[in-house]
Amino acid sequence: MPQHPTRRDAPTLSRRQILIGGAGTLASVSLLGLTPLARGQDALPIPDFIKWKRTDALIVHSNKTMETRRGAIGTGVVTPSDILFVRNNLPTPPETIVADRDAWEVAFSGVTAPRSMTLGELKTLGVETVATVLQCSGNGRAFFPHGASGSQWSVGAAGCVIWTGVPMREVIRALGGPESGAQYLTSTGGEELPEGLDEKSVVVERSVPLDAMEQALLAYEMNGEPLPLTHGGPLRMVIPGYYGVNNVKYVKHVALTRTQSDAKIQASGYRVRPVGEKGAPKQPSMWAMNVKSWITGPLDTAPAGRNLIHGVAFGGTESLHGVEVSLDNGENWRAAPFIGPDLGPFAWRPFVLAADLSAGEYRMVSRATDAKGNSQPRERPDNERGYGHNGWEDHGVTVTVS
Ligand SMILES: Nc1nc2c(c(=O)[nH]1)N[C@H]1C(S)=C(S)[C@@H](COP(=O)(O)O)O[C@H]1N2
Ligand SMILES: [Mo]
C-alpha cells in the first residue's frame, strides 16, 4: 500500500498561500479553471484526464497538478507512467490530437530553410533514446516556511522517464543549420489558449541556451509506449537535465532565437529571486537542475532489526559521484550503494543502505554528490517561488522503529 504523506510532507497552508496574490491573480486563476489550493488535498476529486493512472499512488493538488506519493516510487529505476506526476498550466488538449499522431505538425523557424514538418516526416530524420529525470522547478516547495505560492509539491513532482524521439540537432541539420546569431532554442506548447486572456501571459513557451540542443529530443514515446496525451503526446520537447517546464508538451513551434521568449512563463516566471521580489528577465532562469536525493522508504514506522533504507539520487546535468545516508540528521554519514542499471547522466539512481536498527526515533536524511563535487547543501535555498530546493535536511524522514 502506498504510504500517506507525513506531516512534513503536507505542511499546513499559510494564509498567503490561500490568498495567492491580489484580486487580478485570483481572476485569472478562475478563468483558467484552476482549483484553488485547499486543505485536505486527499479529498480533491480525481480529474478525468488522469483516471488511467494509479490514483492511489498520487496526491492530487488541483485539477491540473498531482504528485507521486513518496512511498510509491519503489526501487526500480524507471517511474511507471501511471504513477508519474502531472503538471499542466492549461486545460489538457482534446484526445483528437493523438488520433493521428504522425499527422501532428511542428513549425521550425530561425533556421536557414524554415518550414513545417509532420511527425511522420520527423521520424525519418533519426531516433535516439534517453532516460531523464523530469522534475518540476518547485518540487520541494512545500518545505519553504515563507509560504511560496504555487503547487505545494513535497518530493513527488519528479520521476525518471525513458524517452524516444528525434534528435533536435538532426532536425536543425535537415533545415540547413541555425540562422546566424541564434542563441536559444525556443519551444511553444500547442494548447488552445483560453479566450479573453493575453496570449503572452498564458502560453507555455520556453527558451533554453542553444547548446542544450545537442541532447534535446522531440520525444514521441515515453517508457516504451506512444507518449500519453497527459504527458505531451503526440510530441514533446525533452531537454535532458533541465527542469520540467523546459520540456514543452504538445510542441507545435520550435524556433532558434536571438533572444529569450517574452512570454510571461519565460520573462518573469521561473526566475530565482529573493523572497518578496517580483520575477524579472535578469534573474536566473530555471534551466539546469541541481544535485538532489531523497529517501523513499521506510516512512513513518519500521520494525526493529534489519531495514533497507532506500531512495533516489540524481545529478541534474552531471552524472553522480555517490550518495550518503545519515540516520541521525547528518551527524554521521554512510555511503549508500546504487542498485540497478546506470541509465546515464540524466537518469536517477536508486540507492539502498542496509541498517540494523534498534527501537527509537530516527531522522533519516540523504546527501548526493555529483561528478564535479557539488553536494546537496543542508539548508534550503530561500527564494520567492520556492524553486530548486535540494537542501538535505528538509527532505529527510522521521521513522519510529519499534
Ligand atoms: N505545453 C505545456 N508544456 C508543459 C507544461 C504545460 O502546462 N504545457 N507544464 C510544464 C511543467 S511546469 C512541468 S513541471 C512539466 C510536467 O510534465 P508532466 O505533466 O508530463 O509530468 O511539463 C512542462 N511542459
Ligand atoms: Mo513545473
# chains A, B, ... in the order shown; residues from 1 in each chain; ligands from 1

call {"tool": "closest_atom_pairs", "arguments": {"of": "chain A", "to": "ligand 2", "cutoff": "9 Å", "atoms": "only C-alpha atoms and all ligand atoms", "output": "tab-separated table"}}
result
residue	atom	partner	partner_atom_place_in_ligand_line	distance
A:Val86	CA	ligand 2	1 (Mo)	8.8
A:Arg87	CA	ligand 2	1 (Mo)	6.1
A:Asn88	CA	ligand 2	1 (Mo)	8.2
A:Asn89	CA	ligand 2	1 (Mo)	8.6
A:Gln135	CA	ligand 2	1 (Mo)	6.9
A:Cys136	CA	ligand 2	1 (Mo)	3.6
A:Ser137	CA	ligand 2	1 (Mo)	5.1
A:Gly138	CA	ligand 2	1 (Mo)	6.4
A:Asn139	CA	ligand 2	1 (Mo)	7.9
A:Ala157	CA	ligand 2	1 (Mo)	8.0
A:Tyr243	CA	ligand 2	1 (Mo)	7.1
A:Gly244	CA	ligand 2	1 (Mo)	5.0
A:Val245	CA	ligand 2	1 (Mo)	4.7
A:Asn246	CA	ligand 2	1 (Mo)	8.4
A:Tyr270	CA	ligand 2	1 (Mo)	8.7

call {"tool": "write_last_selection", "arguments": {"atoms": "N, CA and C atoms", "output": "compact mmCIF listing (two decimals), in the first residue's frame"}}
result
# COMPACT_ATOMS: atom_id res chain seq x y z
N VAL A 86 1.93 14.94 -12.72
CA VAL A 86 1.41 15.72 -13.84
C VAL A 86 1.36 17.18 -13.44
N ARG A 87 1.76 18.04 -14.38
CA ARG A 87 1.67 19.46 -14.11
C ARG A 87 1.25 20.14 -15.42
N ASN A 88 0.04 20.60 -15.44
CA ASN A 88 -0.50 21.32 -16.60
C ASN A 88 -0.82 22.74 -16.18
N ASN A 89 -0.36 23.70 -16.95
CA ASN A 89 -0.70 25.09 -16.70
C ASN A 89 -2.06 25.42 -17.28
N GLN A 135 11.48 16.78 -13.55
CA GLN A 135 11.20 17.33 -12.21
C GLN A 135 10.70 18.76 -12.32
N CYS A 136 9.62 19.06 -11.65
CA CYS A 136 9.12 20.43 -11.62
C CYS A 136 10.08 21.32 -10.83
N SER A 137 10.23 22.55 -11.29
CA SER A 137 11.12 23.52 -10.62
C SER A 137 10.75 23.72 -9.15
N GLY A 138 9.48 23.56 -8.85
CA GLY A 138 9.00 23.80 -7.48
C GLY A 138 8.90 22.53 -6.65
N ASN A 139 9.50 21.42 -7.12
CA ASN A 139 9.48 20.21 -6.30
C ASN A 139 10.19 20.52 -4.99
N ALA A 157 7.03 15.62 -7.31
CA ALA A 157 6.89 16.22 -8.64
C ALA A 157 8.14 15.90 -9.46
N TYR A 243 14.98 21.51 -15.80
CA TYR A 243 13.71 21.44 -15.06
C TYR A 243 12.52 21.22 -15.99
N GLY A 244 11.47 20.61 -15.43
CA GLY A 244 10.28 20.19 -16.16
C GLY A 244 9.72 21.21 -17.14
N VAL A 245 9.62 22.47 -16.71
CA VAL A 245 8.95 23.49 -17.52
C VAL A 245 9.57 23.65 -18.91
N ASN A 246 10.86 23.32 -19.03
CA ASN A 246 11.54 23.45 -20.33
C ASN A 246 11.18 22.32 -21.28
N TYR A 270 9.43 31.44 -13.34
CA TYR A 270 10.58 30.53 -13.24
C TYR A 270 11.90 31.29 -13.13

call {"tool": "residues_around", "arguments": {"residues": "region 151-156 of chain A", "least_positions_apart": "5", "cutoff": "8 Å", "atoms": "only C-alpha atoms", "output": "short mmCIF file (atom, residue, chain, number, x, y, z; two decimals) with N, CA and C atoms, in the first residue's frame"}}
result
data_model
loop_
_atom_site.label_atom_id
_atom_site.label_comp_id
_atom_site.auth_asym_id
_atom_site.auth_seq_id
_atom_site.Cartn_x
_atom_site.Cartn_y
_atom_site.Cartn_z
N ASP A 9 5.42 16.13 4.98
CA ASP A 9 5.13 16.11 3.55
C ASP A 9 4.01 17.06 3.19
N ALA A 10 3.14 17.31 4.13
CA ALA A 10 1.97 18.13 3.81
C ALA A 10 1.79 19.22 4.86
N LEU A 37 -5.88 26.23 -4.27
CA LEU A 37 -5.28 25.34 -3.27
C LEU A 37 -6.21 25.23 -2.08
N HIS A 61 -3.21 17.81 -6.06
CA HIS A 61 -3.14 19.19 -5.52
C HIS A 61 -4.19 20.10 -6.14
N THR A 65 -2.75 19.42 -11.29
CA THR A 65 -1.45 19.11 -10.69
C THR A 65 -1.58 17.96 -9.70
N GLU A 67 1.05 14.86 -7.66
CA GLU A 67 2.40 14.34 -7.48
C GLU A 67 2.38 12.90 -7.02
N THR A 68 3.50 12.21 -7.23
CA THR A 68 3.65 10.82 -6.82
C THR A 68 3.91 10.78 -5.31
N ARG A 69 3.23 9.90 -4.62
CA ARG A 69 3.49 9.74 -3.19
C ARG A 69 4.92 9.25 -2.98
N ARG A 70 5.54 9.74 -1.91
CA ARG A 70 6.94 9.38 -1.63
C ARG A 70 7.13 7.87 -1.58
N PHE A 85 4.06 12.10 -11.92
CA PHE A 85 3.36 13.35 -11.61
C PHE A 85 2.89 14.05 -12.88
N GLY A 138 9.48 23.56 -8.85
CA GLY A 138 9.00 23.80 -7.48
C GLY A 138 8.90 22.53 -6.65
N ASN A 139 9.50 21.42 -7.12
CA ASN A 139 9.48 20.21 -6.30
C ASN A 139 10.19 20.52 -4.99
N GLY A 140 9.52 20.28 -3.85
CA GLY A 140 10.10 20.64 -2.55
C GLY A 140 9.61 22.00 -2.05
N ARG A 141 8.75 22.64 -2.81
CA ARG A 141 8.25 23.97 -2.43
C ARG A 141 7.53 23.94 -1.07
N ALA A 142 6.86 22.83 -0.79
CA ALA A 142 6.08 22.75 0.45
C ALA A 142 6.94 22.91 1.70
N PHE A 143 8.25 22.74 1.57
CA PHE A 143 9.13 22.84 2.74
C PHE A 143 9.53 24.28 3.06
N TRP A 294 16.49 11.92 -2.20
CA TRP A 294 15.61 11.81 -1.05
C TRP A 294 15.34 10.34 -0.77
N HIS A 395 14.40 17.38 3.37
CA HIS A 395 13.94 16.23 2.60
C HIS A 395 14.00 14.90 3.37
#

call {"tool": "closest_residue", "arguments": {"among": "A:Ile239, A:Leu308, A:Ala267, A:Val291", "to": "Gly373 (chain A)", "atoms": "only C-alpha atoms"}}
result
A:Val291

call {"tool": "residues_around", "arguments": {"residues": "Leu44 (chain A)", "least_positions_apart": "5", "cutoff": "9 Å", "atoms": "only C-alpha atoms", "output": "tab-separated table (two decimals) with N, CA and C atoms, in the first residue's frame"}}
result
chain	number	residue	atom	x	y	z
A	38	ALA	N	-6.35	24.07	-1.60
A	38	ALA	CA	-7.26	23.87	-0.47
A	38	ALA	C	-6.64	22.89	0.50
A	60	VAL	N	-3.35	14.54	-5.16
A	60	VAL	CA	-3.96	15.49	-6.10
A	60	VAL	C	-3.94	16.88	-5.45
A	61	HIS	N	-3.21	17.81	-6.06
A	61	HIS	CA	-3.14	19.19	-5.52
A	61	HIS	C	-4.19	20.10	-6.14
A	62	SER	N	-4.53	19.86	-7.41
A	62	SER	CA	-5.56	20.66	-8.08
A	62	SER	C	-6.04	19.82	-9.25
A	63	ASN	N	-6.95	20.36	-10.05
A	63	ASN	CA	-7.42	19.56	-11.19
A	63	ASN	C	-6.38	19.50	-12.32

call {"tool": "residues_around", "arguments": {"residues": "Gly360 (chain A)", "least_positions_apart": "5", "cutoff": "9 Å", "atoms": "only C-alpha atoms", "output": "number ranges by chain"}}
result
A: 304, 399-402

call {"tool": "select_by_dssp", "arguments": {"residues": "region 141-316 of chain A", "states": "alpha helix (DSSP H)", "output": "ChimeraX atom specification"}}
result
/A:168-174,199-202,264-267

call {"tool": "write_last_selection", "arguments": {"atoms": "all heavy atoms", "output": "compact mmCIF listing (two decimals), in the first residue's frame"}}
result
# COMPACT_ATOMS: atom_id res chain seq x y z
N MET A 168 17.10 16.78 -31.86
CA MET A 168 16.91 18.14 -32.39
C MET A 168 18.04 18.53 -33.33
O MET A 168 17.83 19.21 -34.33
CB MET A 168 16.83 19.16 -31.23
CG MET A 168 15.44 19.57 -30.83
SD MET A 168 14.36 20.03 -32.20
CE MET A 168 15.19 21.46 -32.86
N ARG A 169 19.26 18.09 -33.02
CA ARG A 169 20.38 18.51 -33.88
C ARG A 169 20.23 17.96 -35.29
O ARG A 169 20.64 18.60 -36.26
CB ARG A 169 21.73 18.14 -33.26
CG ARG A 169 21.89 16.71 -32.91
CD ARG A 169 23.29 16.35 -32.41
NE ARG A 169 23.41 14.90 -32.47
CZ ARG A 169 22.83 14.06 -31.63
NH1 ARG A 169 22.15 14.52 -30.60
NH2 ARG A 169 22.94 12.76 -31.79
N GLU A 170 19.59 16.77 -35.43
CA GLU A 170 19.35 16.21 -36.78
C GLU A 170 18.30 17.04 -37.52
O GLU A 170 18.39 17.25 -38.72
CB GLU A 170 18.88 14.76 -36.69
CG GLU A 170 19.86 13.79 -36.06
CD GLU A 170 21.14 13.62 -36.86
OE1 GLU A 170 21.22 14.09 -38.03
OE2 GLU A 170 22.09 13.03 -36.31
N VAL A 171 17.30 17.49 -36.78
CA VAL A 171 16.25 18.31 -37.38
C VAL A 171 16.85 19.62 -37.90
O VAL A 171 16.61 20.03 -39.03
CB VAL A 171 15.12 18.61 -36.36
CG1 VAL A 171 14.04 19.48 -36.98
CG2 VAL A 171 14.54 17.31 -35.81
N ILE A 172 17.66 20.24 -37.05
CA ILE A 172 18.26 21.53 -37.44
C ILE A 172 19.20 21.34 -38.63
O ILE A 172 19.22 22.16 -39.57
CB ILE A 172 19.01 22.17 -36.22
CG1 ILE A 172 18.01 22.43 -35.08
CG2 ILE A 172 19.74 23.43 -36.63
CD1 ILE A 172 16.79 23.27 -35.45
N ARG A 173 19.92 20.25 -38.63
CA ARG A 173 20.80 19.97 -39.78
C ARG A 173 19.96 19.85 -41.06
O ARG A 173 20.31 20.42 -42.09
CB ARG A 173 21.59 18.67 -39.54
CG ARG A 173 22.61 18.38 -40.64
CD ARG A 173 23.41 17.13 -40.36
NE ARG A 173 24.00 17.16 -39.02
CZ ARG A 173 24.47 16.10 -38.38
NH1 ARG A 173 24.41 14.90 -38.94
NH2 ARG A 173 25.00 16.22 -37.19
N ALA A 174 18.85 19.12 -40.97
CA ALA A 174 17.99 18.93 -42.15
C ALA A 174 17.41 20.25 -42.65
O ALA A 174 17.04 20.37 -43.81
CB ALA A 174 16.86 17.95 -41.81
N GLU A 199 -2.39 36.39 -24.73
CA GLU A 199 -1.70 35.17 -25.12
C GLU A 199 -0.34 35.02 -24.41
O GLU A 199 -0.02 33.96 -23.89
CB GLU A 199 -1.51 35.17 -26.64
CG GLU A 199 -0.93 33.87 -27.15
CD GLU A 199 -0.52 33.93 -28.62
OE1 GLU A 199 -1.24 34.58 -29.40
OE2 GLU A 199 0.52 33.34 -28.95
N LYS A 200 0.42 36.10 -24.38
CA LYS A 200 1.77 36.03 -23.78
C LYS A 200 1.73 35.71 -22.29
O LYS A 200 2.72 35.26 -21.72
CB LYS A 200 2.50 37.38 -23.96
CG LYS A 200 2.86 37.67 -25.40
CD LYS A 200 4.06 36.87 -25.83
CE LYS A 200 4.38 37.13 -27.29
NZ LYS A 200 5.34 36.15 -27.85
N SER A 201 0.59 35.97 -21.67
CA SER A 201 0.53 35.74 -20.22
C SER A 201 0.20 34.28 -19.90
O SER A 201 0.37 33.85 -18.77
CB SER A 201 -0.50 36.68 -19.57
OG SER A 201 -1.80 36.28 -19.93
N VAL A 202 -0.26 33.52 -20.89
CA VAL A 202 -0.64 32.14 -20.59
C VAL A 202 0.08 31.08 -21.43
O VAL A 202 0.17 29.93 -21.02
CB VAL A 202 -2.17 31.91 -20.75
CG1 VAL A 202 -2.92 32.51 -19.58
CG2 VAL A 202 -2.71 32.44 -22.06
N LYS A 264 5.28 35.35 -20.50
CA LYS A 264 5.41 35.53 -19.05
C LYS A 264 6.15 34.37 -18.38
O LYS A 264 6.96 34.55 -17.47
CB LYS A 264 4.00 35.68 -18.47
CG LYS A 264 3.96 36.01 -17.00
CD LYS A 264 2.56 36.45 -16.57
CE LYS A 264 2.43 36.52 -15.07
NZ LYS A 264 1.64 35.43 -14.49
N ILE A 265 5.87 33.15 -18.86
CA ILE A 265 6.45 31.94 -18.25
C ILE A 265 7.98 31.92 -18.37
O ILE A 265 8.67 31.24 -17.64
CB ILE A 265 5.81 30.67 -18.86
CG1 ILE A 265 6.02 29.45 -17.98
CG2 ILE A 265 6.28 30.44 -20.29
CD1 ILE A 265 5.21 28.23 -18.39
N GLN A 266 8.49 32.72 -19.34
CA GLN A 266 9.94 32.83 -19.52
C GLN A 266 10.47 34.13 -18.91
O GLN A 266 11.49 34.13 -18.23
CB GLN A 266 10.30 32.81 -21.01
CG GLN A 266 11.81 32.92 -21.30
CD GLN A 266 12.52 31.63 -21.07
OE1 GLN A 266 11.97 30.56 -21.28
NE2 GLN A 266 13.77 31.70 -20.62
N ALA A 267 9.78 35.23 -19.18
CA ALA A 267 10.31 36.54 -18.82
C ALA A 267 10.32 36.78 -17.30
O ALA A 267 11.32 37.21 -16.74
CB ALA A 267 9.52 37.63 -19.52

call {"tool": "select_by_dssp", "arguments": {"residues": "region 198-344 of chain A", "states": "strand (DSSP E)", "output": "ChimeraX atom specification"}}
result
/A:205-209,217-222,225-226,236-238,251-257,292-297,301-302,305-314,320-326,334-335

call {"tool": "atom_distance", "arguments": {"atom1": "CA of Lys372 (chain A)", "atom2": "CA of Ile162 (chain A)"}}
result
24.5 Å

call {"tool": "closest_residue", "arguments": {"among": "A:Lys53, A:Arg306, A:His146, A:Arg236", "to": "ligand 1", "atoms": "only C-alpha atoms and all ligand atoms"}}
result
A:Arg236

call {"tool": "atom_distance", "arguments": {"atom1": "CA of Ala302 (chain A)", "atom2": "CA of Leu357 (chain A)"}}
result
8.9 Å

call {"tool": "residues_around", "arguments": {"residues": "region 95-110 of chain A", "least_positions_apart": "5", "cutoff": "10 Å", "atoms": "only C-alpha atoms", "output": "tab-separated table (two decimals) with C-alpha atoms, in the first residue's frame"}}
result
chain	number	residue	atom	x	y	z
A	49	PHE	CA	-7.72	13.01	-17.72
A	115	ARG	CA	9.26	25.12	-42.75
A	116	SER	CA	6.78	22.82	-41.06
A	117	MET	CA	7.21	19.07	-40.72
A	118	THR	CA	4.81	16.36	-39.70
A	119	LEU	CA	5.78	13.90	-37.00
A	120	GLY	CA	5.75	11.25	-39.74
A	121	GLU	CA	8.48	13.11	-41.62
A	122	LEU	CA	10.44	13.95	-38.44
A	123	LYS	CA	10.65	10.25	-37.63
A	171	VAL	CA	16.25	18.31	-37.38
A	172	ILE	CA	18.26	21.53	-37.44
A	175	LEU	CA	16.79	22.54	-42.14
A	177	GLY	CA	21.51	24.79	-39.70
A	178	PRO	CA	20.83	27.70	-37.32
A	179	GLU	CA	20.35	31.22	-38.59
A	180	SER	CA	23.32	33.40	-37.65
A	181	GLY	CA	23.06	34.92	-34.19
A	182	ALA	CA	20.80	32.18	-32.79
A	184	TYR	CA	18.29	30.00	-27.71
A	185	LEU	CA	16.11	27.03	-28.51
A	186	THR	CA	12.53	28.23	-28.02
A	187	SER	CA	9.61	25.77	-27.89
A	188	THR	CA	5.91	26.59	-27.89
A	190	GLY	CA	0.15	23.51	-28.57
A	220	TYR	CA	7.10	10.71	-29.23
A	226	PRO	CA	3.30	6.20	-27.51
A	227	LEU	CA	3.59	9.41	-25.48
A	228	PRO	CA	0.34	9.78	-23.50
A	229	LEU	CA	-1.68	12.94	-24.13
A	230	THR	CA	-1.37	13.76	-20.42
A	232	GLY	CA	2.51	15.92	-24.03
A	233	GLY	CA	1.53	13.47	-26.76
A	234	PRO	CA	1.84	13.29	-29.66
A	235	LEU	CA	5.13	15.22	-29.37
A	250	TYR	CA	2.29	19.23	-27.42
A	251	VAL	CA	5.13	21.17	-29.04
A	252	LYS	CA	3.92	22.97	-32.17
A	253	HIS	CA	6.66	25.51	-32.86
A	254	VAL	CA	10.42	25.27	-32.38
A	255	ALA	CA	12.48	28.37	-33.07
A	256	LEU	CA	16.17	29.16	-32.85
A	257	THR	CA	16.07	32.69	-31.49
A	258	ARG	CA	18.45	35.54	-30.71

call {"tool": "closest_residue", "arguments": {"among": "A:Val111, A:Ile46, A:His231, A:Leu193", "to": "ligand 1", "atoms": "only C-alpha atoms and all ligand atoms"}}
result
A:His231

call {"tool": "closest_residue", "arguments": {"among": "A:Arg385, A:Arg349, A:His310, A:Lys292", "to": "Thr79 (chain A)", "atoms": "only C-alpha atoms"}}
result
A:Arg349

call {"tool": "closest_residue", "arguments": {"among": "A:Pro345, A:Gly297, A:Gly315, A:Gly159", "to": "ligand 1", "atoms": "only C-alpha atoms and all ligand atoms"}}
result
A:Gly159

call {"tool": "closest_residue", "arguments": {"among": "A:Met66, A:Lys51, A:Asp211, A:Lys249", "to": "ligand 1", "atoms": "only C-alpha atoms and all ligand atoms"}}
result
A:Lys249

call {"tool": "residues_around", "arguments": {"residues": "Val130 (chain A)", "least_positions_apart": "4", "cutoff": "10 Å", "atoms": "only C-alpha atoms", "output": "list in words"}}
result
Val161, Ile162, Trp163, Thr164, Gly165, Gln215, Ala216, Leu217, Ala219, Met222, Val238, Pro240, Leu343, Gly344, Pro345, Phe346 and Ala347 of chain A
